[in-house]
Amino acid sequence: MSALGSNGGFMLLAVAIPLFGAIAIVLLRRWPNVREAATLITGVALFVDVALIACALQSGPVSRLVLAEPIVGLPLELAVEPLGMLFALVASGLWIVTSIYAIGYMRAHHEMNQTRFYAFFAIAIAATMGIALAGNLLTLFVFYEALTLSTFPLVTHSGTSEAKRAGRTYLGILLGTSIGLFLVAIVGTYAFAGTLEFRSGGILDGKVTGGVAGLLLALYAFGIGKAAVMPFHRWLPAAMVAPTPVSALLHAVAVVKAGVFSLLKIVTYIFGFDLVSGLDATVALQIAAAFTVIAASLIAITQDDLKARLAYSTVSQLSYIVLAALIADPAGFLGGGLHIATHAFGKITLFFCAGAILVATHKTRVSELDGLGRAMPWTMAAFLIGSLSIIGLPPFAGLWSKFYLIEGAWFGGNAWLVAIFAVSTLLNIFYLLPIPFRAFFRPAGGHAAGPVARREVPLTCLVAIGITSLGCLALFLFPDPILDLLSRGGAP
Amino acid sequence: MNEHLIVRVVTKMLVPFVLLFALYVQMHGDFGPGGGFQAGVIFAAAFIVYAIVFGIRPTIRAMPVGVVAAMVSLGVILYAGVGFAALLAGGSFLDYSVFDPHDPVRGQHLGILLVELGVGITVSGVLMAIFLTFAERYSR
Amino acid sequence: MRLLEHLPALIVAVPMIAAPICALLLRTRVSYWFAIGVAWVTFAMSLVLMDRVLSEGVIVYALGGWAPPWGIVYVVDPLSAMMLVLVSGMAAIIMPGTLLGIGSEVVRRAKRFFFAVVLLVLTGMLGIVITGDAFNLYVFLEIASLASYALVAMGSDRRSLPAALNYLIQGTIGATFILIGIGLIYMVTGTLNMADMAGRLQGLEDSRPLQAALAFILVGAAIKFALFPVHAWLPNAYTHAPSMVSAFFGATATKLGAYILIRFIYSVFGDDFAFGHMAIAWVLIPAGIAGAFMGSLVAIWQNDLKRMLAYSSIAQVGYIALGIGLDNQDGLIGAIVHIFNHGLMKGALFMVMAAVILRLGGATMAEFRGLGRRMPLTMACFVVAGLSLIGVPLTVGFISKWYLVLGAIEAGLWPIAVLVVASSLLAIVYMWRVIEVAYFETATDTHAIREAPLQLLLPTAALALLCVLLGISTEFTVEIASRAVVFLDVGL
Amino acid sequence: MFGTAIILILIATALVLIRAVRGPTPYDRILAVNVLGTMTVMLIALAGFLVDRPAFLDLSLVYALLNFIGTLAALKFFKHGYLGDAP
Amino acid sequence: MMELYEFVIGHAIQWGAVALLVIGLYIMMTRHNLIKKVVGLNIFQTAVFLVYIQMSYVTGATAPIAKAGQTLYSNPLPHVLILTAIVVSVSVSSLALALIVRIRESYGSIEEDEIVDLDAPKTDAVA
Amino acid sequence: MLSGRTVSLFLVLYGTWLLLSGIWEPFLMIVGVIACCLVVVLAHRMAVIDEEGHPIHLALRALLYVPWLFWQIALSNVGVARRVLSPRLNIDPASAMVPASQRSNAGLVAFANSITLTPGTVSLSVYSDRIHVHALHRASLDELLNGEMDRRVRRMEGEV
Amino acid sequence: MSLALDILSWTMMFGGSFFMVTSGIGMVRLPDLFARLHSAGLADTGGAALLLLGMILQAGFTLVTVKLLLIGLFIFLTAPAASHAVAHAALIGGLLADDPDENRRSNDEAPRG
Ligand code: NA
Ligand code: NA
């Protein structure tokens, strides 16, 4: 295989393209239009590159690419496997959409320091690609930290003291858990297994006692703070101060998905299903995740701030995937992987809508949305689609992932988890559906009384919202490519 | 303390012999290392007692500050220079036997003598310098 | 070339003869250039020595041509070669900036002798590292220490004087303890040659003087090493010394205490005696952990950044002690690598202080307000070195922590592993305070502040760059540390 | 016999130390330290005989010199508050 | 009889060393006057000389001496070591005194607590 | 510069050197000459070569005085020891002026030091014609007031 | 002969040590500074001299003897000067109770030393 022809070269490009994009963005800072064009071109190039990798994965063997060897016998390397492929596809695809949305949003909202914003956004995407294509756990950790650091300027974008506080929480929890727990787990894994490679069936099986394995699993589950298992979820609601495209990045494209993706990948390729399903600790962690699912949903119901409600919704949904990982069987893996994609499309739609509402009406509270359906019909329709998908109702993609999750739980002998999923679905309905209902069926009242003018958002925003809503539908209709992809991974 | 007759006279009598003793220790120190240190201390002590009894100004007149400062450096240069000389003469660092190809022991004698001289000069220079700064500037 | 054979002697002799010559040069500028030349020549020699050690093995050089039991020998093994490179390298890198760096920070009348004293420190430090004779080690230790006290006292801030005196008193106590320990070993073995000592100590584990000797050397080295709770000299000394001096000391001085400890434990006493018989792990590990926490915690509350860095040094010293105390290969590799790596970071950070003091006249939080815009390159170096101090992946700090945690886990000390990373989280707090102030706040005054001059900026950038490069490629540091550990025959 | 002498002198040293500690005037202390010095000179010389190292004699001579200087310096410093010329 | 001497002397010196160590440390820790601290440091260092003097008594402590003809010199002997230690001690004391001189020039005091007070308004408060 | 006293100092120094060296080796003898020259130069610069600093003129007659002085020292040593050790501390401190008839400073110093050297008496203060003496017991003072020591020191100075 | 020498030297050293101890006792027992000065003299003269003589007898006529003599000479020259210096300082300091010089502080006649 020639260097570029191999998917090794493409993998390097997947990390390098957004970095070059970031450099281009900085260099083109004086010409905003050209700058934004650079972002879009980079996004498309990245997506093409990732798609090429996917094709290569379909047809041939997986090659590895060693970038460096910071620790002897423990290189920084890129490799591709189905789950990572899916994540890379979702992230790179949604980046294009998010960029389209961001162009409209940032200009309409008169944000400062847009060059910095786009540059760090691109760097964050590069880090995400690194996570998706990480060939071993060390590499994954490196890019995981890079993602944390590169998103910090985005979270604190406004520079207000509130943003600064949020930034502290964000960084404190994410770096704290990753260095304090995740890293310890990684080093512990290395100490026992002698390697950190992702292998089918795991590397720890047979190397550690149940106690150590349980300890490691717990360290991973809580140490991957981006998965936002309670009590390490606070950063996510705090980061709501950031501009909406950043929220999209956090909630759908990259950050939280990187967390659950890592967890899923670790359970699958580091522990192996056999080891995890036999551990006492697994049950305890399942309980913690289940608690997060329910508790976050309940909190979401009480939130009047739209973005905060969505944030707690994300916390809840993430623990679905954590649970999927802890179910530790192929169906759970399938459900978890699929949920990464479906939740991404659903949640990004919701955030785009929330951002659109903010830009158009400067409203941030659920209670202020009465009657908004008339002013912003397209936006609120999309919001309804996103909500239905998250809840798991047909004809939207969320149905499939929930289906596989429940199947995995049921056949894996975790019947009580089925009950959790059921209750949670009910709660989803309670906190999501009232929003479009208010918008469409309640008259506009309160202080903002008066004739409601149609005030839609910039066209780019609408286009983006349309794409993601259609995505929710498309994934319902054509889930097979993803399922095919995922079924090639997972169990040995 | 100039009015202090007894101390003054005793010091005057003492100083030349202390200086001589310092040089004696310096020159006879080559039968075992360490002579240079003692010699330096004694040499400086002679000046220090003189300075205490007669004051700083007469002391500086006898031993200018510039000379003291240069002594510090020159001693070290002498010390390390001998080592380099040994290197250049084909031995290893501080291998004095190369100084006299016919009689290594004599070479060692010479080498140690010079090295100890360097040590002595430096030590006495340092002590004098410190005393001078100390005495010059400190008052209770 | 024949002169190459004499490098072990020359590397000490050249700065030794250069120091007095430097003092005789009457012009400060002349002695500055002279000192730069000497430092780089020494650095080059240390690299050649390193190369020879790696290719040919340990070099033993008998001073004066006398065989080991009678004369003094200089020994270059991988550990000492690494220390030689660190000490002379830091001197070489830092030296060009000193003339500007000491501009306002050194009392006028001391400037003439500044470089001579620095070379004296260099002589002493290199001597400590290279000598194979215990008493000679003490002599070099005192040469380095005396010159160090003088350097600290040269600070133009009058507080440098009591700081230097305290440093002197406590340093002398430490050195005296070491001297007593050496005397006791001499009493038991009748030799001062360290290799000889080790040979003759076999079977003397129950000798009281020997046990006392270890205790004395442990305490003495700990003081020199600023190990909690005998660290009291360090904060004031580093805070009030001229920043360039702090940079050099921060990178090297305490490290020599660590070196002496490692040298005596492994090359003289043997780890069976030190750890098996005397259980010094019970001193080193608790003191190391306590120091790591205490240093970082106190650093958080500092307003003077030099003081903050000083306390951070105490914390970092704790890690090194911990690594030594783990008594296994990875722990010691971690300690040795951290000796080197921390040198790079602290060197860079104190150089930044020098630059900031040069431009703004102080280095408190107030001066750092808005510095990200005023001195962007300097602050970039600060951020890189700061991230390294935190232990972010792809920096040198990560590598050291990796091995420390690995060592702790291998020793079965999980809680220690967690504490190591948990304490490094505190580093996030104190570094982040600065970064926040520098990038989120605006300067209170409106003076135009220029970027640091090249003589300061280039070395700082070089060190910051090394923080990253040696974090990605660890062939140099870890490889040599591994060899050193193998050579020291640790825990096999 | 050198050992006996050394022990006896050590006893004497201890007695003088009592005076050095008790004072009460600085002159008492200076005097005590001076006597202590004389005793130390003898101790070093005797120790040289005991271990058969004549080089100790140089040491005790040096110590005698330092003792003298020390006493003068201490007196001058106590009396005048400076060691050099009158400020 | 000779053994008794050696025993007594050896142990007297040993305990003397310990006593000096403790006294020196005590003075350094409890005195605020900088000169007194330096005096304490000197007493402390004197303990080392005693340790090295004691070495002379312990059998087997004599350093190996090179054979005549090969070289004139022997491994450093205890007294040389003591001498070196004394030189170091003197240098340390001198430097300490020189520092005290400058401290007095800058602060007008050599009492540690007064010096701390004098700097107090200038020391960094937590922001 | 090259006065008789200077030459004398040089000779005395060189004698001491030879005595200390004990080795009749040409190298060391030459070094000795250099060393003594250096010392003489330094001594000259320090202005210590005068009748106070190098009282060579007293040397010959001192040979007569010193044995007597040593005998006095021995006697008074025993005396003071007895007083110190007697259970009831047999002392009776007193101080008085003792006439001093010496003409030169060197002589005066010799007298004062002799007084101090004999335990039991200490010279407190020296005046041109008298010395203030403190005694552990009045008896020693009376003995000193006899004037024998004064006379012997003056004889050492050379009688007129 | 050698035995006689040994006994003689032993006696001398014992005597010297005796004076040293006596001096120490005096330093503790005697009531004031001026009284203690005499006791200090015991160590400087009787103590030192006898000890040195004892050692000289042990050494025979060698370089060691020369050095011992030198030490003795040095002590005999400097000890009285030091004692006198202390005494004089104490006198000026006004420590002597029955000072016959009534005009000490009136600068009537400054003492010459
Ligand atoms: Na440090
Ligand atoms: Na007397």
# chains A, B, ... in the order shown; residues from 1 in each chain; ligands from 1

call {"tool": "residues_near_ligand", "arguments": {"ligand": "ligand 2", "cutoff": "6 Å", "atoms": "only C-alpha atoms and all ligand atoms", "output": "list in words"}}
result
Thr116, Leu117, Thr118, Pro119, Gly120, Thr121 and Val122 of chain F; His38 and Gly41 of chain G

call {"tool": "residues_near_ligand", "arguments": {"ligand": "ligand 1", "cutoff": "7 Å", "atoms": "only C-alpha atoms and all ligand atoms", "output": "PyMOL selection string"}}
result
chain C and resi 249-255+313-314+317

call {"tool": "residues_around", "arguments": {"residues": "Leu36 of chain D", "least_positions_apart": "6", "cutoff": "9 Å", "atoms": "only C-alpha atoms", "output": "list in words"}}
result
Ala12, Thr13, Val16, Leu17, Ala20 and Asn67 of chain D

call {"tool": "closest_residue", "arguments": {"among": "B:Val10, B:Met71, B:Thr59, B:Gly107", "to": "Gly120 of chain B", "atoms": "only C-alpha atoms"}}
result
B:Met71

call {"tool": "interface_residues", "arguments": {"of": "chain C", "to": "chain A", "cutoff": "9 Å", "atoms": "only C-alpha atoms", "output": "CSV table (one decimal) with all heavy atoms, in the first residue's frame"}}
result
chain,number,residue,atom,x,y,z
C,391,GLY,N,0.9,18.6,33.9
C,391,GLY,CA,1.1,17.2,33.5
C,391,GLY,C,0.1,16.8,32.3
C,391,GLY,O,-0.3,15.7,32.2
C,392,VAL,N,-0.1,17.8,31.5
C,392,VAL,CA,-1.0,17.6,30.3
C,392,VAL,C,-0.2,16.7,29.3
C,392,VAL,O,1.0,16.9,29.2
C,392,VAL,CB,-1.4,18.9,29.7
C,392,VAL,CG1,-2.0,18.7,28.4
C,392,VAL,CG2,-2.3,19.7,30.7
C,393,PRO,N,-0.9,15.8,28.7
C,393,PRO,CA,-0.2,14.9,27.8
C,393,PRO,C,0.5,15.7,26.7
C,393,PRO,O,0.1,16.8,26.3
C,393,PRO,CB,-1.4,14.1,27.2
C,393,PRO,CG,-2.5,14.2,28.1
C,393,PRO,CD,-2.3,15.4,28.9
C,394,LEU,N,1.5,15.0,26.1
C,394,LEU,CA,2.4,15.6,25.1
C,394,LEU,C,3.3,16.7,25.7
C,394,LEU,O,4.0,17.4,24.9
C,394,LEU,CB,1.6,16.2,23.9
C,394,LEU,CG,0.7,15.3,23.1
C,394,LEU,CD1,0.2,15.9,21.9
C,394,LEU,CD2,1.6,14.0,22.7
C,399,ILE,N,4.9,12.8,31.1
C,399,ILE,CA,5.8,11.6,31.1
C,399,ILE,C,6.2,11.3,32.5
C,399,ILE,O,6.2,10.1,32.9
C,399,ILE,CB,7.1,11.9,30.2
C,399,ILE,CG1,6.6,12.3,28.8
C,399,ILE,CG2,8.0,10.7,30.2
C,399,ILE,CD1,5.9,11.2,28.0
C,402,TRP,N,3.4,9.9,34.4
C,402,TRP,CA,3.1,8.6,34.0
C,402,TRP,C,3.9,7.5,34.7
C,402,TRP,O,3.4,6.5,35.3
C,402,TRP,CB,3.3,8.5,32.5
C,402,TRP,CG,3.1,7.1,31.9
C,402,TRP,CD1,4.1,6.1,31.8
C,402,TRP,CD2,1.9,6.6,31.4
C,402,TRP,NE1,3.5,5.0,31.3
C,402,TRP,CE2,2.2,5.2,31.0
C,402,TRP,CE3,0.6,7.1,31.2
C,402,TRP,CZ2,1.2,4.4,30.4
C,402,TRP,CZ3,-0.3,6.3,30.6
C,402,TRP,CH2,0.0,4.9,30.2
C,403,TYR,N,5.2,7.7,34.7
C,403,TYR,CA,6.1,6.7,35.4
C,403,TYR,C,5.9,6.7,36.9
C,403,TYR,O,5.9,5.6,37.5
C,403,TYR,CB,7.5,7.0,35.0
C,403,TYR,CG,7.8,6.5,33.6
C,403,TYR,CD1,7.9,7.3,32.5
C,403,TYR,CD2,8.0,5.1,33.4
C,403,TYR,CE1,8.1,6.8,31.3
C,403,TYR,CE2,8.3,4.6,32.2
C,403,TYR,CZ,8.3,5.5,31.1
C,403,TYR,OH,8.5,5.0,29.8
C,405,VAL,N,3.1,7.3,38.5
C,405,VAL,CA,1.8,6.6,38.8
C,405,VAL,C,2.0,5.1,38.5
C,405,VAL,O,1.6,4.3,39.3
C,405,VAL,CB,0.7,7.2,38.0
C,405,VAL,CG1,-0.6,6.4,38.1
C,405,VAL,CG2,0.4,8.6,38.4
C,406,LEU,N,2.7,4.8,37.4
C,406,LEU,CA,3.0,3.4,37.1
C,406,LEU,C,3.7,2.8,38.2
C,406,LEU,O,3.4,1.7,38.7
C,406,LEU,CB,3.8,3.4,35.8
C,406,LEU,CG,3.9,2.0,35.1
C,406,LEU,CD1,2.5,1.5,34.8
C,406,LEU,CD2,4.7,2.2,33.8
C,407,GLY,N,4.7,3.5,38.7
C,407,GLY,CA,5.5,2.9,39.8
C,407,GLY,C,4.7,2.7,41.0
C,407,GLY,O,4.8,1.6,41.7
C,409,ILE,N,1.5,2.1,41.2
C,409,ILE,CA,0.6,1.0,41.0
C,409,ILE,C,1.3,-0.3,41.0
C,409,ILE,O,0.9,-1.3,41.6
C,409,ILE,CB,-0.2,1.2,39.7
C,409,ILE,CG1,-1.1,2.3,39.8
C,409,ILE,CG2,-0.9,-0.1,39.3
C,409,ILE,CD1,-1.9,2.7,38.5
C,410,GLU,N,2.5,-0.3,40.5
C,410,GLU,CA,3.3,-1.5,40.5
C,410,GLU,C,3.7,-1.9,42.0
C,410,GLU,O,3.8,-3.1,42.3
C,410,GLU,CB,4.6,-1.4,39.7
C,410,GLU,CG,4.4,-1.7,38.2
C,410,GLU,CD,5.5,-1.3,37.4
C,410,GLU,OE1,6.6,-1.0,37.9
C,410,GLU,OE2,5.4,-1.4,36.2
C,414,TRP,N,-2.2,1.9,45.3
C,414,TRP,CA,-3.2,2.6,44.5
C,414,TRP,C,-3.6,4.0,45.1
C,414,TRP,O,-3.7,5.0,44.3
C,414,TRP,CB,-4.5,1.8,44.4
C,414,TRP,CG,-4.4,0.7,43.4
C,414,TRP,CD1,-3.9,-0.5,43.7
C,414,TRP,CD2,-4.8,0.8,42.1
C,414,TRP,NE1,-3.9,-1.3,42.5
C,414,TRP,CE2,-4.5,-0.5,41.5
C,414,TRP,CE3,-5.3,1.7,41.3
C,414,TRP,CZ2,-4.7,-0.8,40.2
C,414,TRP,CZ3,-5.6,1.4,39.9
C,414,TRP,CH2,-5.3,0.2,39.4
C,417,ALA,N,-1.1,6.4,44.0
C,417,ALA,CA,-1.3,6.8,42.6
C,417,ALA,C,-2.3,7.9,42.4
C,417,ALA,O,-2.2,8.9,41.7
C,417,ALA,CB,-1.6,5.6,41.8
C,418,VAL,N,-3.4,7.7,43.1
C,418,VAL,CA,-4.5,8.6,43.0
C,418,VAL,C,-4.1,10.0,43.6
C,418,VAL,O,-4.4,11.0,43.1
C,418,VAL,CB,-5.8,8.1,43.8
C,418,VAL,CG1,-6.9,9.2,43.8
C,418,VAL,CG2,-6.3,6.9,43.1
C,419,LEU,N,-3.4,9.9,44.8
C,419,LEU,CA,-2.9,11.2,45.4
C,419,LEU,C,-2.0,11.9,44.5
C,419,LEU,O,-2.0,13.1,44.4
C,419,LEU,CB,-2.2,10.8,46.7
C,419,LEU,CG,-3.2,10.4,47.9
C,419,LEU,CD1,-2.4,10.0,49.1
C,419,LEU,CD2,-4.1,11.6,48.2
C,420,VAL,N,-1.1,11.2,43.8
C,420,VAL,CA,-0.2,11.9,42.9
C,420,VAL,C,-0.9,12.7,41.9
C,420,VAL,O,-0.7,13.9,41.7
C,420,VAL,CB,0.7,10.9,42.2
C,420,VAL,CG1,1.5,11.5,41.0
C,420,VAL,CG2,1.7,10.3,43.1
C,421,VAL,N,-1.9,12.1,41.2
C,421,VAL,CA,-2.6,12.8,40.2
C,421,VAL,C,-3.5,13.9,40.8
C,421,VAL,O,-3.7,15.0,40.3
C,421,VAL,CB,-3.4,11.9,39.3
C,421,VAL,CG1,-2.5,11.1,38.4
C,421,VAL,CG2,-4.2,10.9,40.1
C,422,ALA,N,-4.1,13.5,42.0
C,422,ALA,CA,-4.9,14.5,42.6
C,422,ALA,C,-4.2,15.7,43.0
C,422,ALA,O,-4.7,16.9,42.8
C,422,ALA,CB,-5.6,13.9,43.9
C,423,SER,N,-2.9,15.6,43.5
C,423,SER,CA,-2.2,16.8,43.9
C,423,SER,C,-1.8,17.6,42.6
C,423,SER,O,-1.7,18.8,42.7
C,423,SER,CB,-0.9,16.4,44.6
C,423,SER,OG,-0.1,15.6,43.8
C,424,SER,N,-1.6,16.9,41.5
C,424,SER,CA,-1.3,17.6,40.3
C,424,SER,C,-2.5,18.4,39.8
C,424,SER,O,-2.3,19.4,39.1
C,424,SER,CB,-0.7,16.7,39.2
C,424,SER,OG,-1.8,15.9,38.7
C,425,LEU,N,-3.6,18.0,40.3
C,425,LEU,CA,-4.8,18.9,39.9
C,425,LEU,C,-4.7,20.2,40.6
C,425,LEU,O,-5.2,21.2,40.0
C,425,LEU,CB,-6.1,18.2,40.4
C,425,LEU,CG,-6.4,16.9,39.7
C,425,LEU,CD1,-7.6,16.3,40.3
C,425,LEU,CD2,-6.6,17.2,38.3
C,428,ILE,N,-3.3,22.7,38.4
C,428,ILE,CA,-4.2,23.3,37.5
C,428,ILE,C,-4.7,24.6,38.1
C,428,ILE,O,-4.8,25.7,37.4
C,428,ILE,CB,-5.4,22.4,37.2
C,428,ILE,CG1,-5.0,21.1,36.6
C,428,ILE,CG2,-6.4,23.1,36.3
C,428,ILE,CD1,-6.1,20.2,36.3
C,429,VAL,N,-5.1,24.5,39.4
C,429,VAL,CA,-5.7,25.7,40.0
C,429,VAL,C,-4.7,26.9,40.0
C,429,VAL,O,-5.0,28.0,39.5
C,429,VAL,CB,-6.1,25.4,41.4
C,429,VAL,CG1,-6.7,26.6,42.1
C,429,VAL,CG2,-7.0,24.2,41.4
C,432,TRP,N,-3.8,28.0,36.5
C,432,TRP,CA,-5.0,28.6,35.7
C,432,TRP,C,-5.3,30.0,36.2
C,432,TRP,O,-5.7,30.8,35.4
C,432,TRP,CB,-6.2,27.7,35.8
C,432,TRP,CG,-6.9,27.8,34.5
C,432,TRP,CD1,-8.0,28.6,34.3
C,432,TRP,CD2,-6.6,27.2,33.3
C,432,TRP,NE1,-8.4,28.5,33.0
C,432,TRP,CE2,-7.5,27.7,32.3
C,432,TRP,CE3,-5.6,26.4,32.9
C,432,TRP,CZ2,-7.4,27.3,31.0
C,432,TRP,CZ3,-5.5,26.0,31.6
C,432,TRP,CH2,-6.4,26.4,30.6
C,436,GLU,N,-5.8,32.8,33.5
C,436,GLU,CA,-7.1,33.5,33.4
C,436,GLU,C,-6.8,35.0,33.5
C,436,GLU,O,-7.3,35.8,32.7
C,436,GLU,CB,-7.9,33.1,34.6
C,436,GLU,CG,-9.3,32.5,34.2
C,436,GLU,CD,-10.1,32.2,35.5
C,436,GLU,OE1,-10.3,33.1,36.3
C,436,GLU,OE2,-10.5,31.1,35.6
C,440,PHE,N,-7.9,37.0,30.4
C,440,PHE,CA,-9.3,37.5,30.5
C,440,PHE,C,-9.4,38.9,31.1
C,440,PHE,O,-10.4,39.5,31.0
C,440,PHE,CB,-10.1,36.5,31.4
C,440,PHE,CG,-10.4,35.3,30.7
C,440,PHE,CD1,-9.9,34.1,31.1
C,440,PHE,CD2,-11.3,35.2,29.6
C,440,PHE,CE1,-10.2,32.9,30.4
C,440,PHE,CE2,-11.6,34.1,28.9
C,440,PHE,CZ,-11.0,32.9,29.4
C,441,GLU,N,-8.3,39.3,31.7
C,441,GLU,CA,-8.4,40.7,32.3
C,441,GLU,C,-7.6,41.6,31.5
C,441,GLU,O,-6.7,41.2,30.7
C,441,GLU,CB,-8.0,40.6,33.8
C,441,GLU,CG,-8.9,39.8,34.6
C,441,GLU,CD,-8.6,39.9,36.1
C,441,GLU,OE1,-7.8,40.7,36.5
C,441,GLU,OE2,-9.3,39.1,36.8
C,470,LEU,N,10.3,17.0,24.2
C,470,LEU,CA,10.7,15.8,25.1
C,470,LEU,C,9.5,15.2,25.7
C,470,LEU,O,9.6,14.1,26.3
C,470,LEU,CB,11.7,16.3,26.1
C,470,LEU,CG,13.1,16.7,25.6
C,470,LEU,CD1,14.0,17.2,26.7
C,470,LEU,CD2,13.7,15.6,24.8
C,471,GLY,N,8.3,15.8,25.5
C,471,GLY,CA,7.1,15.1,26.0
C,471,GLY,C,6.6,14.2,24.9
C,471,GLY,O,5.8,13.3,25.2
C,472,ILE,N,7.0,14.5,23.7
C,472,ILE,CA,6.5,13.6,22.6
C,472,ILE,C,7.5,12.5,22.3
C,472,ILE,O,7.2,11.4,22.1
C,472,ILE,CB,6.3,14.5,21.3
C,472,ILE,CG1,5.1,15.5,21.6
C,472,ILE,CG2,6.0,13.6,20.1
C,472,ILE,CD1,4.9,16.5,20.5
C,473,SER,N,8.8,12.9,22.3
C,473,SER,CA,9.8,11.9,22.0
C,473,SER,C,10.6,11.8,23.3
C,473,SER,O,11.4,12.7,23.6
C,473,SER,CB,10.7,12.4,20.8
C,473,SER,OG,11.9,11.6,20.8
C,474,THR,N,10.5,10.6,23.9
C,474,THR,CA,11.2,10.5,25.2
C,474,THR,C,12.5,9.6,25.0
C,474,THR,O,13.0,9.1,26.0
C,474,THR,CB,10.3,9.8,26.2
C,474,THR,OG1,9.8,8.6,25.6
C,474,THR,CG2,9.2,10.8,26.6
C,475,GLU,N,12.9,9.5,23.8
C,475,GLU,CA,14.1,8.7,23.6
C,475,GLU,C,15.2,9.1,24.5
C,475,GLU,O,16.0,8.3,25.1
C,475,GLU,CB,14.6,8.7,22.2
C,475,GLU,CG,14.1,7.5,21.4
C,475,GLU,CD,14.4,7.8,19.9
C,475,GLU,OE1,15.5,8.1,19.6
C,475,GLU,OE2,13.4,7.8,19.1
C,478,VAL,N,13.7,9.3,28.9
C,478,VAL,CA,13.3,8.0,29.5
C,478,VAL,C,14.4,6.9,29.2
C,478,VAL,O,14.7,6.1,30.1
C,478,VAL,CB,11.9,7.6,29.0
C,478,VAL,CG1,11.6,6.2,29.5
C,478,VAL,CG2,10.9,8.6,29.5
C,479,GLU,N,14.9,7.0,28.0
C,479,GLU,CA,15.9,6.0,27.7
C,479,GLU,C,17.1,6.1,28.6
C,479,GLU,O,17.5,5.0,29.2
C,479,GLU,CB,16.4,6.3,26.2
C,479,GLU,CG,17.5,5.4,25.8
C,479,GLU,CD,17.1,4.0,25.6
C,479,GLU,OE1,15.9,3.7,25.4
C,479,GLU,OE2,18.0,3.1,25.8

call {"tool": "atom_distance", "arguments": {"atom1": "atom CA of Asp329 of chain A", "atom2": "atom CA of Leu217 of chain A"}}
result
15.8 Å

call {"tool": "residues_around", "arguments": {"residues": "Leu37 of chain G", "least_positions_apart": "4", "cutoff": "12 Å", "atoms": "only C-alpha atoms", "output": "MDAnalysis selection string"}}
result
(chainID D and resid 27:32 34:35) or (chainID F and resid 80 93 116:124 133:136) or (chainID G and resid 23:24 26:28 30:33 41:44 79:80 82:88 90)

call {"tool": "closest_residue", "arguments": {"among": "E:Ile43, E:Val87, E:Leu34, E:Ala12", "to": "Glu114 of chain E", "atoms": "only C-alpha atoms"}}
result
E:Leu34

call {"tool": "closest_residue", "arguments": {"among": "F:Asp92, F:Glu25, F:Glu143, F:Asp50", "to": "chain G", "atoms": "only C-alpha atoms"}}
result
F:Asp92

call {"tool": "select_by_dssp", "arguments": {"residues": "segment 45-157 of chain F", "states": "strand (DSSP E or B)", "output": "VMD selection string"}}
result
chain F and resid 92 94 to 99 121 to 126 130 to 135 137

call {"tool": "interface_residues", "arguments": {"of": "chain D", "to": "chain E", "cutoff": "10 Å", "atoms": "only C-alpha atoms", "output": "list of chain:residue names"}}
result
D:Met1, D:Phe2, D:Gly3, D:Thr4, D:Ile6, D:Ile7, D:Leu10, D:Ile44, D:Ala47, D:Gly48, D:Leu50, D:Val51, D:Asp52, D:Arg53, D:Ala55, D:Phe56, D:Leu59

call {"tool": "residues_around", "arguments": {"residues": "segment 426-443 of chain A", "least_positions_apart": "3", "cutoff": "7 Å", "atoms": "only C-alpha atoms", "output": "list in words"}}
result
Ser297, Ala300, Ile301, Val366, Leu369, Asp370, Gly371, Leu372, Gly373, Arg374, Met380, Phe383, Leu384, Ser387, Ile391, Ala422 and Val423 of chain A
